[in-house]
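Asker: What follows is the file run_32.cif, containing mmCIF, C-alpha atoms:
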data_entry
loop_
_atom_site.group_PDB
_atom_site.id
_atom_site.type_symbol
_atom_site.label_atom_id
_atom_site.label_comp_id
_atom_site.auth_asym_id
_atom_site.auth_seq_id
_atom_site.Cartn_x
_atom_site.Cartn_y
_atom_site.Cartn_z
ATOM 1 C CA MET U 1353 -32.651 14.012 10.037
ATOM 2 C CA PRO U 1354 -33.507 15.203 13.485
ATOM 3 C CA ALA U 1355 -31.019 16.353 16.020
ATOM 4 C CA PRO U 1356 -29.969 13.426 18.132
ATOM 5 C CA ASP U 1357 -30.898 13.299 21.750
ATOM 6 C CA ALA U 1358 -28.516 15.112 24.035
ATOM 7 C CA PRO U 1359 -25.468 12.937 24.520
ATOM 8 C CA VAL U 1360 -24.928 11.083 27.735
ATOM 9 C CA THR U 1361 -21.271 12.006 27.587
ATOM 10 C CA GLY U 1362 -21.938 15.704 27.989
ATOM 11 C CA ALA U 1363 -20.607 16.611 24.557
ATOM 12 C CA HIS U 1364 -22.164 19.675 22.992
ATOM 13 C CA PRO U 1365 -25.808 18.873 22.312
ATOM 14 C CA SER U 1366 -26.182 21.254 19.381
ATOM 15 C CA PRO U 1367 -27.195 19.461 16.165
ATOM 16 C CA GLN U 1368 -24.016 20.452 14.390
ATOM 17 C CA GLU U 1369 -22.965 18.137 11.592
ATOM 18 C CA PRO U 1370 -19.749 18.256 9.562
ATOM 19 C CA ALA U 1371 -19.502 21.313 7.343
ATOM 20 C CA ALA U 1372 -22.023 20.984 4.538
ATOM 21 C CA ALA U 1373 -20.767 20.708 0.987
ATOM 22 C CA GLY U 1374 -21.856 23.118 -1.723
ATOM 23 C CA PRO U 1375 -23.535 22.130 -4.982
ATOM 24 C CA ALA U 1376 -21.443 19.583 -6.877
ATOM 25 C CA ARG U 1377 -22.668 20.739 -10.294
ATOM 26 C CA PRO U 1378 -24.189 23.891 -11.798
ATOM 27 C CA SER U 1379 -27.888 24.161 -11.070
ATOM 28 C CA ARG U 1380 -30.887 26.345 -11.713
ATOM 29 C CA LEU U 1381 -32.379 25.529 -8.316
ATOM 30 C CA ASP U 1382 -33.982 28.479 -6.521
ATOM 31 C CA PRO U 1383 -31.150 29.903 -4.384
ATOM 32 C CA ALA U 1384 -33.505 30.188 -1.414
ATOM 33 C CA ILE U 1385 -34.028 26.431 -1.529
ATOM 34 C CA ALA U 1386 -30.390 25.679 -2.300
ATOM 35 C CA ALA U 1387 -29.373 27.626 0.785
ATOM 36 C CA ARG U 1388 -31.387 25.229 2.948
ATOM 37 C CA LEU U 1389 -29.737 22.053 1.670
ATOM 38 C CA ARG U 1390 -27.114 20.254 3.704
ATOM 39 C CA ARG U 1391 -25.421 17.980 1.231
ATOM 40 C CA THR U 1392 -23.168 14.952 1.608
ATOM 41 C CA SER U 1393 -19.529 15.361 0.668
ATOM 42 C CA ASP U 1394 -20.500 14.466 -2.901
ATOM 43 C CA GLY U 1395 -23.213 17.117 -3.052
ATOM 44 C CA LEU U 1396 -26.280 14.934 -2.555
ATOM 45 C CA VAL U 1397 -29.371 14.729 -0.390
ATOM 46 C CA ALA U 1398 -31.386 11.564 0.223
ATOM 47 C CA ALA U 1399 -34.816 11.373 -1.384
ATOM 48 C CA VAL U 1400 -37.391 9.119 0.264
ATOM 49 C CA VAL U 1401 -40.082 8.268 -2.274
ATOM 50 C CA ARG U 1402 -43.580 7.457 -1.030
ATOM 51 C CA GLN U 1403 -46.797 6.517 -2.793
ATOM 52 C CA HIS U 1404 -48.954 9.552 -2.039
ATOM 53 C CA ASP U 1405 -52.208 7.806 -1.159
ATOM 54 C CA SER U 1406 -51.122 4.552 0.476
ATOM 55 C CA GLY U 1407 -48.130 5.743 2.498
ATOM 56 C CA GLU U 1408 -46.040 2.945 0.997
ATOM 57 C CA VAL U 1409 -42.327 3.795 1.000
ATOM 58 C CA LEU U 1410 -41.175 2.801 -2.476
ATOM 59 C CA MET U 1411 -37.476 3.572 -2.668
ATOM 60 C CA VAL U 1412 -34.627 5.837 -1.628
ATOM 61 C CA ALA U 1413 -32.575 7.642 -4.250
ATOM 62 C CA TRP U 1414 -30.294 10.661 -4.400
ATOM 63 C CA MET U 1415 -30.689 14.188 -5.690
ATOM 64 C CA ASP U 1416 -28.246 16.967 -6.249
ATOM 65 C CA ASP U 1417 -29.440 20.563 -6.620
ATOM 66 C CA GLU U 1418 -30.222 20.232 -10.317
ATOM 67 C CA ALA U 1419 -32.109 16.945 -9.886
ATOM 68 C CA LEU U 1420 -34.249 18.654 -7.260
ATOM 69 C CA HIS U 1421 -34.774 21.621 -9.587
ATOM 70 C CA ARG U 1422 -35.921 19.330 -12.394
ATOM 71 C CA THR U 1423 -38.160 17.378 -10.047
ATOM 72 C CA LEU U 1424 -39.825 20.537 -8.734
ATOM 73 C CA THR U 1425 -40.258 22.210 -12.109
ATOM 74 C CA THR U 1426 -41.272 19.248 -14.261
ATOM 75 C CA GLY U 1427 -43.292 17.274 -11.740
ATOM 76 C CA ARG U 1428 -41.385 14.140 -12.774
ATOM 77 C CA ALA U 1429 -39.046 12.539 -10.258
ATOM 78 C CA THR U 1430 -35.452 13.011 -11.369
ATOM 79 C CA TYR U 1431 -32.396 11.657 -9.585
ATOM 80 C CA TRP U 1432 -28.621 11.697 -9.751
ATOM 81 C CA SER U 1433 -27.011 8.373 -10.568
ATOM 82 C CA ARG U 1434 -23.903 7.953 -8.471
ATOM 83 C CA SER U 1435 -22.598 5.134 -10.659
ATOM 84 C CA ARG U 1436 -23.145 6.682 -14.070
ATOM 85 C CA ARG U 1437 -22.757 10.261 -12.862
ATOM 86 C CA GLU U 1438 -25.752 11.491 -14.785
ATOM 87 C CA TYR U 1439 -29.361 12.475 -14.265
ATOM 88 C CA TRP U 1440 -32.096 9.934 -14.697
ATOM 89 C CA VAL U 1441 -35.811 10.509 -14.958
ATOM 90 C CA LYS U 1442 -37.620 7.651 -13.265
ATOM 91 C CA GLY U 1443 -39.603 5.757 -15.881
ATOM 92 C CA ALA U 1444 -37.861 7.271 -18.884
ATOM 93 C CA THR U 1445 -37.085 3.851 -20.277
ATOM 94 C CA SER U 1446 -38.987 1.500 -17.953
ATOM 95 C CA GLY U 1447 -42.295 3.356 -18.237
ATOM 96 C CA HIS U 1448 -42.521 3.240 -14.444
ATOM 97 C CA HIS U 1449 -43.011 6.958 -14.094
ATOM 98 C CA GLN U 1450 -43.255 8.846 -10.849
ATOM 99 C CA TYR U 1451 -45.645 11.771 -11.020
ATOM 100 C CA VAL U 1452 -44.743 14.098 -8.199
ATOM 101 C CA ARG U 1453 -47.527 15.245 -5.895
ATOM 102 C CA SER U 1454 -45.473 17.027 -3.252
ATOM 103 C CA VAL U 1455 -41.944 17.435 -1.962
ATOM 104 C CA ALA U 1456 -40.956 18.254 1.611
ATOM 105 C CA LEU U 1457 -37.522 19.054 3.031
ATOM 106 C CA ASP U 1458 -36.590 17.857 6.486
ATOM 107 C CA CYS U 1459 -35.638 20.020 9.453
ATOM 108 C CA ASP U 1460 -31.934 20.051 8.758
ATOM 109 C CA GLY U 1461 -31.997 19.982 4.978
ATOM 110 C CA ASP U 1462 -30.331 16.675 4.232
ATOM 111 C CA ALA U 1463 -33.364 14.602 3.227
ATOM 112 C CA LEU U 1464 -36.425 15.023 1.026
ATOM 113 C CA LEU U 1465 -39.788 13.290 1.187
ATOM 114 C CA VAL U 1466 -41.186 12.943 -2.323
ATOM 115 C CA ASP U 1467 -44.828 11.935 -2.579
ATOM 116 C CA VAL U 1468 -45.565 10.455 -5.979
ATOM 117 C CA ASP U 1469 -48.087 8.584 -8.023
ATOM 118 C CA GLN U 1470 -46.018 5.546 -9.010
ATOM 119 C CA VAL U 1471 -46.809 3.769 -12.268
ATOM 120 C CA GLY U 1472 -46.148 0.043 -11.908
ATOM 121 C CA ALA U 1473 -43.136 -1.178 -9.981
ATOM 122 C CA ALA U 1474 -40.754 1.218 -8.280
ATOM 123 C CA CYS U 1475 -38.059 -1.448 -7.943
ATOM 124 C CA HIS U 1476 -35.877 -2.736 -10.761
ATOM 125 C CA THR U 1477 -36.622 -6.281 -9.529
ATOM 126 C CA GLY U 1478 -40.242 -5.832 -10.531
ATOM 127 C CA GLN U 1479 -41.438 -5.525 -6.956
ATOM 128 C CA ARG U 1480 -43.674 -2.609 -6.120
ATOM 129 C CA THR U 1481 -41.268 -1.342 -3.445
ATOM 130 C CA CYS U 1482 -37.524 -1.783 -2.964
ATOM 131 C CA PHE U 1483 -38.002 -2.601 0.737
ATOM 132 C CA PHE U 1484 -38.994 -6.242 0.456
ATOM 133 C CA THR U 1485 -36.292 -7.856 2.610
ATOM 134 C CA GLU U 1486 -37.474 -8.094 6.207
ATOM 135 C CA LEU U 1487 -34.816 -8.302 8.923
ATOM 136 C CA PRO U 1488 -35.448 -10.064 12.253
ATOM 137 C CA VAL U 1489 -36.290 -7.798 15.183
ATOM 138 C CA GLY U 1490 -36.075 -8.970 18.777
ATOM 139 C CA GLY U 1491 -35.567 -7.433 22.180
ATOM 140 C CA ASP U 1492 -37.813 -5.996 24.843
ATOM 141 C CA GLY U 1493 -38.794 -3.011 22.761
ATOM 142 C CA ALA U 1494 -40.011 -4.998 19.797
ATOM 143 C CA GLY U 1495 -43.610 -5.584 18.990
ATOM 144 C CA GLY U 1496 -45.035 -2.690 20.877
ATOM 145 C CA ARG U 1497 -44.909 -1.141 24.282
ATOM 146 C CA MET R 864 -32.276 2.483 -3.994
ATOM 147 C CA PRO R 865 -33.508 0.884 -7.157
ATOM 148 C CA ALA R 866 -31.461 0.507 -10.278
ATOM 149 C CA PRO R 867 -31.939 3.555 -12.431
ATOM 150 C CA ASP R 868 -33.666 3.258 -15.751
ATOM 151 C CA ALA R 869 -31.413 2.265 -18.588
ATOM 152 C CA PRO R 870 -29.390 5.290 -19.627
ATOM 153 C CA VAL R 871 -30.194 7.187 -22.775
ATOM 154 C CA THR R 872 -26.504 7.525 -23.459
ATOM 155 C CA GLY R 873 -25.953 3.812 -23.877
ATOM 156 C CA ALA R 874 -23.664 3.533 -20.898
ATOM 157 C CA HIS R 875 -23.702 0.168 -19.179
ATOM 158 C CA PRO R 876 -27.158 -0.269 -17.648
ATOM 159 C CA SER R 877 -26.057 -2.544 -14.821
ATOM 160 C CA PRO R 878 -26.870 -1.068 -11.408
ATOM 161 C CA GLN R 879 -23.229 -0.942 -10.402
ATOM 162 C CA GLU R 880 -22.418 1.654 -7.825
ATOM 163 C CA PRO R 881 -18.980 2.669 -6.560
ATOM 164 C CA ALA R 882 -17.265 -0.057 -4.579
ATOM 165 C CA ALA R 883 -19.078 -0.461 -1.275
ATOM 166 C CA ALA R 884 -17.220 0.354 1.910
ATOM 167 C CA GLY R 885 -16.816 -2.168 4.692
ATOM 168 C CA PRO R 886 -17.912 -1.654 8.284
ATOM 169 C CA ALA R 887 -16.381 1.481 9.754
ATOM 170 C CA ARG R 888 -16.361 0.152 13.298
ATOM 171 C CA PRO R 889 -16.395 -3.262 15.009
ATOM 172 C CA SER R 890 -19.867 -4.733 15.129
ATOM 173 C CA ARG R 891 -21.756 -7.755 16.374
ATOM 174 C CA LEU R 892 -24.160 -7.608 13.426
ATOM 175 C CA ASP R 893 -25.088 -10.985 11.932
ATOM 176 C CA PRO R 894 -22.509 -11.512 9.155
ATOM 177 C CA ALA R 895 -25.264 -12.656 6.777
ATOM 178 C CA ILE R 896 -26.950 -9.270 7.161
ATOM 179 C CA ALA R 897 -23.681 -7.339 7.112
ATOM 180 C CA ALA R 898 -22.814 -8.973 3.795
ATOM 181 C CA ARG R 899 -25.917 -7.438 2.242
ATOM 182 C CA LEU R 900 -25.161 -3.856 3.243
ATOM 183 C CA ARG R 901 -23.798 -1.397 0.734
ATOM 184 C CA ARG R 902 -22.428 1.401 2.825
ATOM 185 C CA THR R 903 -21.435 4.968 2.068
ATOM 186 C CA SER R 904 -17.753 5.812 2.124
ATOM 187 C CA ASP R 905 -18.114 6.477 5.849
ATOM 188 C CA GLY R 906 -19.702 3.103 6.512
ATOM 189 C CA LEU R 907 -23.333 4.139 6.815
ATOM 190 C CA VAL R 908 -26.739 3.246 5.426
ATOM 191 C CA ALA R 909 -29.755 5.574 5.427
ATOM 192 C CA ALA R 910 -32.598 4.695 7.781
ATOM 193 C CA VAL R 911 -36.071 5.923 6.854
ATOM 194 C CA VAL R 912 -38.242 5.953 9.957
ATOM 195 C CA ARG R 913 -41.979 5.536 9.593
ATOM 196 C CA GLN R 914 -44.847 5.438 12.063
ATOM 197 C CA HIS R 915 -46.026 1.850 11.711
ATOM 198 C CA ASP R 916 -49.763 2.415 11.666
ATOM 199 C CA SER R 917 -50.195 5.767 9.949
ATOM 200 C CA GLY R 918 -47.511 5.530 7.260
ATOM 201 C CA GLU R 919 -46.182 8.919 8.346
ATOM 202 C CA VAL R 920 -42.500 9.329 7.472
ATOM 203 C CA LEU R 921 -40.979 10.763 10.616
ATOM 204 C CA MET R 922 -37.280 11.251 9.933
ATOM 205 C CA VAL R 923 -34.165 10.000 8.172
ATOM 206 C CA ALA R 924 -31.096 9.075 10.179
ATOM 207 C CA TRP R 925 -27.985 6.946 9.698
ATOM 208 C CA MET R 926 -26.915 3.546 10.914
ATOM 209 C CA ASP R 927 -23.640 1.724 10.788
ATOM 210 C CA ASP R 928 -23.478 -2.039 11.287
ATOM 211 C CA GLU R 929 -23.466 -1.837 15.068
ATOM 212 C CA ALA R 930 -26.346 0.647 15.204
ATOM 213 C CA LEU R 931 -28.370 -1.760 13.077
ATOM 214 C CA HIS R 932 -27.353 -4.653 15.339
ATOM 215 C CA ARG R 933 -28.490 -2.741 18.421
ATOM 216 C CA THR R 934 -31.739 -1.714 16.732
ATOM 217 C CA LEU R 935 -32.540 -5.299 15.732
ATOM 218 C CA THR R 936 -31.613 -6.887 19.041
ATOM 219 C CA THR R 937 -33.014 -4.340 21.484
ATOM 220 C CA GLY R 938 -36.069 -3.214 19.541
ATOM 221 C CA ARG R 939 -35.110 0.407 20.253
ATOM 222 C CA ALA R 940 -34.065 2.571 17.331
ATOM 223 C CA THR R 941 -30.356 3.336 17.571
ATOM 224 C CA TYR R 942 -28.400 5.534 15.177
ATOM 225 C CA TRP R 943 -24.886 6.724 14.481
ATOM 226 C CA SER R 944 -24.312 10.429 15.023
ATOM 227 C CA ARG R 945 -22.075 11.731 12.284
ATOM 228 C CA SER R 946 -21.292 14.895 14.219
ATOM 229 C CA ARG R 947 -20.527 13.413 17.613
ATOM 230 C CA ARG R 948 -19.268 10.124 16.215
ATOM 231 C CA GLU R 949 -21.183 8.076 18.724
ATOM 232 C CA TYR R 950 -24.295 5.938 19.004
ATOM 233 C CA TRP R 951 -27.527 7.448 20.158
ATOM 234 C CA VAL R 952 -30.688 5.727 21.248
ATOM 235 C CA LYS R 953 -33.650 7.762 20.116
ATOM 236 C CA GLY R 954 -35.494 9.019 23.178
ATOM 237 C CA ALA R 955 -32.711 8.268 25.642
ATOM 238 C CA THR R 956 -32.794 11.800 26.962
ATOM 239 C CA SER R 957 -35.833 13.310 25.232
ATOM 240 C CA GLY R 958 -38.203 10.507 26.183
ATOM 241 C CA HIS R 959 -39.315 10.388 22.556
ATOM 242 C CA HIS R 960 -38.656 6.696 22.179
ATOM 243 C CA GLN R 961 -39.006 4.720 19.013
ATOM 244 C CA TYR R 962 -40.205 1.159 19.613
ATOM 245 C CA VAL R 963 -39.255 -0.826 16.564
ATOM 246 C CA ARG R 964 -41.978 -2.924 14.931
ATOM 247 C CA SER R 965 -40.111 -4.042 11.806
ATOM 248 C CA VAL R 966 -37.029 -3.317 9.730
ATOM 249 C CA ALA R 967 -36.676 -3.902 5.992
ATOM 250 C CA LEU R 968 -33.589 -3.614 3.802
ATOM 251 C CA ASP R 969 -33.906 -2.314 0.277
ATOM 252 C CA CYS R 970 -33.015 -4.166 -2.903
ATOM 253 C CA ASP R 971 -29.444 -2.974 -3.084
ATOM 254 C CA GLY R 972 -28.658 -2.781 0.617
ATOM 255 C CA ASP R 973 -28.056 0.943 1.064
ATOM 256 C CA ALA R 974 -31.269 1.935 2.831
ATOM 257 C CA LEU R 975 -33.434 0.634 5.650
ATOM 258 C CA LEU R 976 -37.112 1.184 6.343
ATOM 259 C CA VAL R 977 -37.710 1.191 10.079
ATOM 260 C CA ASP R 978 -41.331 0.976 11.204
ATOM 261 C CA VAL R 979 -41.714 2.257 14.740
ATOM 262 C CA ASP R 980 -44.164 3.278 17.359
ATOM 263 C CA GLN R 981 -43.019 6.853 17.987
ATOM 264 C CA VAL R 982 -43.573 8.395 21.404
ATOM 265 C CA GLY R 983 -44.267 12.110 21.047
ATOM 266 C CA ALA R 984 -42.366 14.191 18.516
ATOM 267 C CA ALA R 985 -39.765 12.628 16.235
ATOM 268 C CA CYS R 986 -38.248 16.016 15.389
ATOM 269 C CA HIS R 987 -36.029 18.054 17.673
ATOM 270 C CA THR R 988 -38.135 21.104 16.796
ATOM 271 C CA GLY R 989 -41.079 19.549 18.581
ATOM 272 C CA GLN R 990 -42.913 18.735 15.357
ATOM 273 C CA ARG R 991 -44.209 15.219 14.954
ATOM 274 C CA THR R 992 -42.190 14.692 11.753
ATOM 275 C CA CYS R 993 -38.995 16.302 10.449
ATOM 276 C CA PHE R 994 -40.557 16.772 6.983
ATOM 277 C CA PHE R 995 -42.590 19.900 7.621
ATOM 278 C CA THR R 996 -41.113 22.232 4.982
ATOM 279 C CA GLU R 997 -43.088 21.932 1.764
ATOM 280 C CA LEU R 998 -41.336 22.902 -1.477
ATOM 281 C CA PRO R 999 -43.266 24.231 -4.495
ATOM 282 C CA VAL R 1000 -43.965 21.703 -7.253
ATOM 283 C CA GLY R 1001 -44.981 22.729 -10.760
ATOM 284 C CA GLY R 1002 -44.791 21.307 -14.256
ATOM 285 C CA ASP R 1003 -47.010 19.107 -16.354
ATOM 286 C CA GLY R 1004 -46.424 16.062 -14.231
ATOM 287 C CA ALA R 1005 -47.555 17.656 -10.997
ATOM 288 C CA GLY R 1006 -50.872 17.028 -9.374
ATOM 289 C CA GLY R 1007 -51.652 13.758 -11.063
ATOM 290 C CA ARG R 1008 -51.788 12.225 -14.487
#
Take the structure in the file and give it back as structure tokens.
Answerer:
Amino acid sequence: MPAPDAPVTGAHPSPQEPAAAGPARPSRLDPAIAARLRRTSDGLVAAVVRQHDSGEVLMVAWMDDEALHRTLTTGRATYWSRSRREYWVKGATSGHHQYVRSVALDCDGDALLVDVDQVGAACHTGQRTCFFTELPVGGDGAGGR
Amino acid sequence: MPAPDAPVTGAHPSPQEPAAAGPARPSRLDPAIAARLRRTSDGLVAAVVRQHDSGEVLMVAWMDDEALHRTLTTGRATYWSRSRREYWVKGATSGHHQYVRSVALDCDGDALLVDVDQVGAACHTGQRTCFFTELPVGGDGAGGR
């Protein structure tokens, strides 16, 4: 994520976050890439998954170092399941594969943008994208400037 | 995020995640929306921010209940700073405002997709998007099917 705007309170404006955690599990990830990651306390970074040609945001999942390594080296999107505590290759059983076109790391290393070619539905509900619940937006800033 | 594919190991395939945390701070968020959130242990959901007309993914930041409430009711993207432990309105000091066009919650309530009209650069580096570091992708799955 980006550094926040400088605080009104005058607190230090440097984009310092809490001390980053190291890898949670052994990994073959390129150490030069691993050194750039800023992981959550459980060793994860957020992966935003986008359909490469339409710009549609399909889902958000989590990767640890090894999931990122597998994603980068196999070209198949691979995540860490926080509930089952194991790796899962998207589409392995559903057939809804994600063929990876590109992966980009954000400026402070805690999020990935994964451009894929999604086969079928990305969401377990059968919807194309997981983001199908619209929330109401109001206020002066809404609807344009 | 979506439910993972059914595990190869035969573990329970239900998309159960660790028990969701409640709100970390007092909030005026609509209780019907709050009830749908599945927060991290520190009370946050991931917010994926996208330019509404181009599909460009600009950044990932974090919201707690109150940050989401402020975003929905003011139409100005508002986040929770994990480092400074305070709210920040994007653009408040930088001028790089985010006018919110729509907000969608994902299927299991732990991520938001925020479509905005971004003024200037989203990234503190001055780049339009925070995702400017490409990682190398190889493997059979890469580059299409």
Asker: Got a sec to resolve the PyMOL selection byres ((chain R and resi 972) around 9) on this structure and send the residues as a count of residues only?
Answerer: 13
Asker: Quick check on the file I pasted: which residues fall under the PyMOL selection byres ((chain R and resi 920) around 8)? Write them as a list in words.
Answerer: Leu1465 of chain U; Val911, Val912, Arg913, Gln914, Gly918, Glu919, Leu921, Met922, Thr992 and Phe994 of chain R
Asker: Tell me which of R:Ser944, R:Ser890, R:Thr937, R:Thr988 sits closest to chain U, counting only C-alpha atoms.
Answerer: R:Thr937
Asker: Determine, counting only C-alpha atoms, which protein, DNA and RNA residues have an atom within 9 Å of an atom of Leu1420 of chain U; residues of the same chain fewer than 2 positions away are not included. Present the result as a list in words.
Answerer: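 Counting only the stated atoms, we get Leu1381, Met1415, Asp1416, Asp1417, Glu1418, Arg1422, Thr1423, Leu1424, Thr1425, Ala1429, Thr1430 and Tyr1431 of chain U.
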Asker: Could you work out how far atom CA of Glu1438 of chain U lies from atom CA of Ala1387 of chain U, giving the answer in Å with one decimal?
Answerer: 22.7 Å
Asker: Let me know the residues the PyMOL selection byres ((chain R and resi 905) around 9) catches in the file above, as a PDB file with C-alpha atoms, in the coordinates of the input.
Answerer:
ATOM      1  CA  ALA R 884     -17.220   0.354   1.910  1.00  0.00           C
ATOM      2  CA  GLY R 885     -16.816  -2.168   4.692  1.00  0.00           C
ATOM      3  CA  PRO R 886     -17.912  -1.654   8.284  1.00  0.00           C
ATOM      4  CA  ALA R 887     -16.381   1.481   9.754  1.00  0.00           C
ATOM      5  CA  ARG R 902     -22.428   1.401   2.825  1.00  0.00           C
ATOM      6  CA  THR R 903     -21.435   4.968   2.068  1.00  0.00           C
ATOM      7  CA  SER R 904     -17.753   5.812   2.124  1.00  0.00           C
ATOM      8  CA  GLY R 906     -19.702   3.103   6.512  1.00  0.00           C
ATOM      9  CA  LEU R 907     -23.333   4.139   6.815  1.00  0.00           C
ATOM     10  CA  ASP R 927     -23.640   1.724  10.788  1.00  0.00           C
TER      11      ASP R 927
END
Asker: Report, in Å to a single decimal, how far apart atom CA of Ser1454 of chain U and atom CA of Ala985 of chain R are.
Answerer: 20.8 Å
Asker: One number please: atom CA of His959 of chain R to atom CA of Val982 of chain R, in Å, one decimal.
Answerer: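 So the two atoms, atom CA of His959 of chain R and atom CA of Val982 of chain R, lie 4.8 Å apart.
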Asker: Compile the contact shell of Arg939 of chain R as a PDB file with C-alpha atoms, in the coordinates of the input: residues with an atom at most 12 Å away, counting only C-alpha atoms, same-chain residues fewer than 3 positions apart removed.
Answerer:
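As written to disk, around11.pdb reads:
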ATOM      1  CA  VAL U1489     -36.290  -7.798  15.183  1.00  0.00           C
ATOM      2  CA  GLY U1490     -36.075  -8.970  18.777  1.00  0.00           C
ATOM      3  CA  GLY U1491     -35.567  -7.433  22.180  1.00  0.00           C
ATOM      4  CA  ASP U1492     -37.813  -5.996  24.843  1.00  0.00           C
ATOM      5  CA  GLY U1493     -38.794  -3.011  22.761  1.00  0.00           C
ATOM      6  CA  ALA U1494     -40.011  -4.998  19.797  1.00  0.00           C
ATOM      7  CA  GLY U1495     -43.610  -5.584  18.990  1.00  0.00           C
ATOM      8  CA  GLY U1496     -45.035  -2.690  20.877  1.00  0.00           C
ATOM      9  CA  ARG U1497     -44.909  -1.141  24.282  1.00  0.00           C
TER      10      ARG U1497
ATOM     11  CA  ALA R 930     -26.346   0.647  15.204  1.00  0.00           C
ATOM     12  CA  LEU R 931     -28.370  -1.760  13.077  1.00  0.00           C
ATOM     13  CA  HIS R 932     -27.353  -4.653  15.339  1.00  0.00           C
ATOM     14  CA  ARG R 933     -28.490  -2.741  18.421  1.00  0.00           C
ATOM     15  CA  THR R 934     -31.739  -1.714  16.732  1.00  0.00           C
ATOM     16  CA  LEU R 935     -32.540  -5.299  15.732  1.00  0.00           C
ATOM     17  CA  THR R 936     -31.613  -6.887  19.041  1.00  0.00           C
ATOM     18  CA  TYR R 942     -28.400   5.534  15.177  1.00  0.00           C
ATOM     19  CA  TRP R 951     -27.527   7.448  20.158  1.00  0.00           C
ATOM     20  CA  VAL R 952     -30.688   5.727  21.248  1.00  0.00           C
ATOM     21  CA  LYS R 953     -33.650   7.762  20.116  1.00  0.00           C
ATOM     22  CA  GLY R 954     -35.494   9.019  23.178  1.00  0.00           C
ATOM     23  CA  ALA R 955     -32.711   8.268  25.642  1.00  0.00           C
ATOM     24  CA  HIS R 959     -39.315  10.388  22.556  1.00  0.00           C
ATOM     25  CA  HIS R 960     -38.656   6.696  22.179  1.00  0.00           C
ATOM     26  CA  GLN R 961     -39.006   4.720  19.013  1.00  0.00           C
ATOM     27  CA  TYR R 962     -40.205   1.159  19.613  1.00  0.00           C
ATOM     28  CA  VAL R 963     -39.255  -0.826  16.564  1.00  0.00           C
ATOM     29  CA  ARG R 964     -41.978  -2.924  14.931  1.00  0.00           C
ATOM     30  CA  SER R 965     -40.111  -4.042  11.806  1.00  0.00           C
ATOM     31  CA  VAL R 966     -37.029  -3.317   9.730  1.00  0.00           C
ATOM     32  CA  VAL R 977     -37.710   1.191  10.079  1.00  0.00           C
ATOM     33  CA  ASP R 978     -41.331   0.976  11.204  1.00  0.00           C
ATOM     34  CA  VAL R 979     -41.714   2.257  14.740  1.00  0.00           C
ATOM     35  CA  ASP R 980     -44.164   3.278  17.359  1.00  0.00           C
ATOM     36  CA  GLN R 981     -43.019   6.853  17.987  1.00  0.00           C
ATOM     37  CA  VAL R 982     -43.573   8.395  21.404  1.00  0.00           C
TER      38      VAL R 982
END
Asker: Using only C-alpha atoms, which residue out of R:Cys993, R:Arg891, R:Ile896, R:Trp925 lies closest to chain U?
Answerer: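 Nearest candidate to chain U out of R:Cys993, R:Arg891, R:Ile896, R:Trp925: R:Cys993.
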Asker: Choose the residue, out of R:Trp943, R:Ala924, R:Gly989, R:His915, that has the smallest atom-to-atom separation from chain U; count all atoms listed in the file.
Answerer: R:Ala924
Asker: Which one of U:Arg1436, U:Arg1480, U:Gly1472, U:Pro1378 sits closest to chain R if you count only C-alpha atoms?
Answerer: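 Looking at the shortest contact to chain R, the residue is U:Arg1436.
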Asker: Using all atoms listed in the file for the distances, tell me which of U:Ala1473, U:Val1412, U:Gln1479, U:Pro1383 is nearest to chain R.
Answerer: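 Nearest candidate to chain R out of U:Ala1473, U:Val1412, U:Gln1479, U:Pro1383: U:Val1412.
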Asker: My list of candidates is R:Ala895, R:Leu998, R:Gly958, R:Asp916. Which is closest to chain U when distances are computed with only C-alpha atoms?
Answerer: R:Leu998
